[in-house]
Structures are given as C-alpha cells and as structure tokens.
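Asker: Sharing a structure below in structure tokens format, with a few things to ask.
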Amino acid sequence: MGAFKRPFELLSGDTKTYLDLRLDELKLQITKGLSLTIGQIMTMVLLLVCLSLIIFALAMGAIFFVGELLGSNALGALIVAGILAIATLVIFSLRKNMFVDGFVKLFSGILREDDGKINNMKELDFIQNRLKADIPRQERLLSEDLEGAKDMFRPKNLFSQLSLGLVRGTKKLLEK
C-alpha cells in the first residue's frame, strides 16, 4: 500500500510548496507596488509643500524688494527661499532612501512575518526574481506528480498494485 500512497504524498507536498511560492510572489508584488506608490505620493506631497514655501518666500521677497527698493527684508526672504530650494533638492535626491526603501521594510515586515524583513528595493527585486525561477520548477514537479498519480489509476497498474499488496500481506501473515 505504501507504493499506492506515494504519488499522492508527492503531489500533496509539491502542491503545498507551489502554493507557498505563489503566495510569496504575490506578497512581494504587493510590497513592491505599495512601496513604490506610497513613496511616489510622499515625494510629490513633500515637493508640493517645499515648492509652495519657495514660491511664497519668493513672492514675499519680491514684495519687500519692490516696497523698500533693495531693503534688507527682501534679501532675507530671498535667502530663505534659496535655503528652501536647497532643502527641496536634498529631499528629492534622497527620496528613494527616505521613502521607497522605508515602505519596502514596512510592508515586507507586515506581509512576510515568518520570512523576515526585506530592507530595500534591490533586495526585494532579488528575492522576487528567485521566486520567479522557483515557480516553473515547482510547476514541473506538480505535473510529474499528477502524471504518476494518473498512471497509478490505470486499470493495469491499479490491478498490479492491489495484487502486489495482497501478496505482501499474505506473506507477512504466513511469516507469523
């Protein structure tokens, strides 16, 4: 009977592994998509806030400049606007490290509780590519297991397995 159960044990184990791989791939895709989307949204919000402040400061500088004809208030407003422009450039250049990688860590920690956190987008891409390579291999194993199970239930094989089981059972009884 052990040979009779073997194809089903293989099929069961391979099916579980295949489903686990597919679930992991889905989790990674969700993590990547959410991280990129929220990172882009946060970048845009920050850029809009900084640009609004720059425009406001430049406008105030222009008002003071025209109002006082080269007064110090206008120069102060222009300096502030310059500092905000530099801050905007720094934030924009660090957006990937500040937002996208942070969200990759956050969502991978939530979705991959048992598998550990992924620290950045590069790691996420690496793991995702590895899973994509494992999935076809697992699909082939499942296909082979199904073929083995089909062969087991062909009348000729079914009869030979049952008769072999009967012979072994009879042999064990006779040995006692």
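Scheme for the structure tokens: letters A, B, ... for chains in order shown; per-chain residue numbers from 1; ligand numbers from 1 in order shown.
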Each residue of region 20-43 of chain A with at least one atom at most 12 Å from region 80-92 of chain A should appear once, together with its nearest atom pair and the corresponding distance in Å (one decimal); atoms considered: only C-alpha atoms; ordering: chain, then increasing residue number; output as CSV.
Answerer:
residue,atom,partner,partner_atom,distance
A:Gly39,CA,A:Phe92,CA,11.4
A:Gln40,CA,A:Phe92,CA,10.7
A:Met42,CA,A:Phe92,CA,10.7
A:Thr43,CA,A:Phe92,CA,7.2
Asker: Kindly give the distance, in Å, that separates CA of Ile41 (chain A) and CA of Phe126 (chain A), rounded to a single decimal.
Answerer: 24.5 Å
Asker: Considering only C-alpha atoms, return as a list of chain:residue names whatever protein or nucleic-acid residues lie within 12 Å of Phe99 (chain A), sequence-local ones (same chain, fewer than 4 positions apart) excluded.
Answerer: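 Skipping anything fewer than 4 positions along the chain leaves A:Leu34, A:Ser35, A:Leu36, A:Thr37, A:Ile38, A:Gly39, A:Gln40, A:Ile41, A:Met42, A:Thr43, A:Met44, A:Val45, A:Leu46, A:Ile91, A:Phe92, A:Ser93, A:Leu94, A:Arg95, A:Phe103, A:Val104, A:Lys105, A:Leu106, A:Asn119, A:Asn120, A:Met121.
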Asker: Looking at only C-alpha atoms, which of A:Leu142, A:Leu174, A:Leu28, A:Ile79 is the one that sits closest to Asn129 (chain A)?
Answerer: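 Going through A:Leu142, A:Leu174, A:Leu28, A:Ile79 one by one, the smallest distance to Asn129 (chain A) is for A:Leu28.
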Asker: Expressed in Å to a single decimal, how great is the separation between CA of Leu146 (chain A) and CA of Gly13 (chain A)?
Answerer: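 Calculated distance between CA of Leu146 (chain A) and CA of Gly13 (chain A) is 12.1 Å.
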Asker: In terms of the shortest atom-to-atom distance over only C-alpha atoms, which of A:Ser108, A:Phe56, A:Glu68, A:Leu75 is closest to Ile30 (chain A)?
Answerer: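 Among the listed residues, the smallest separation from Ile30 (chain A) belongs to A:Ser108.
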Asker: Separation of CA of Gly33 (chain A) and CA of Arg130 (chain A), in Å?
Answerer: 17.9 Å
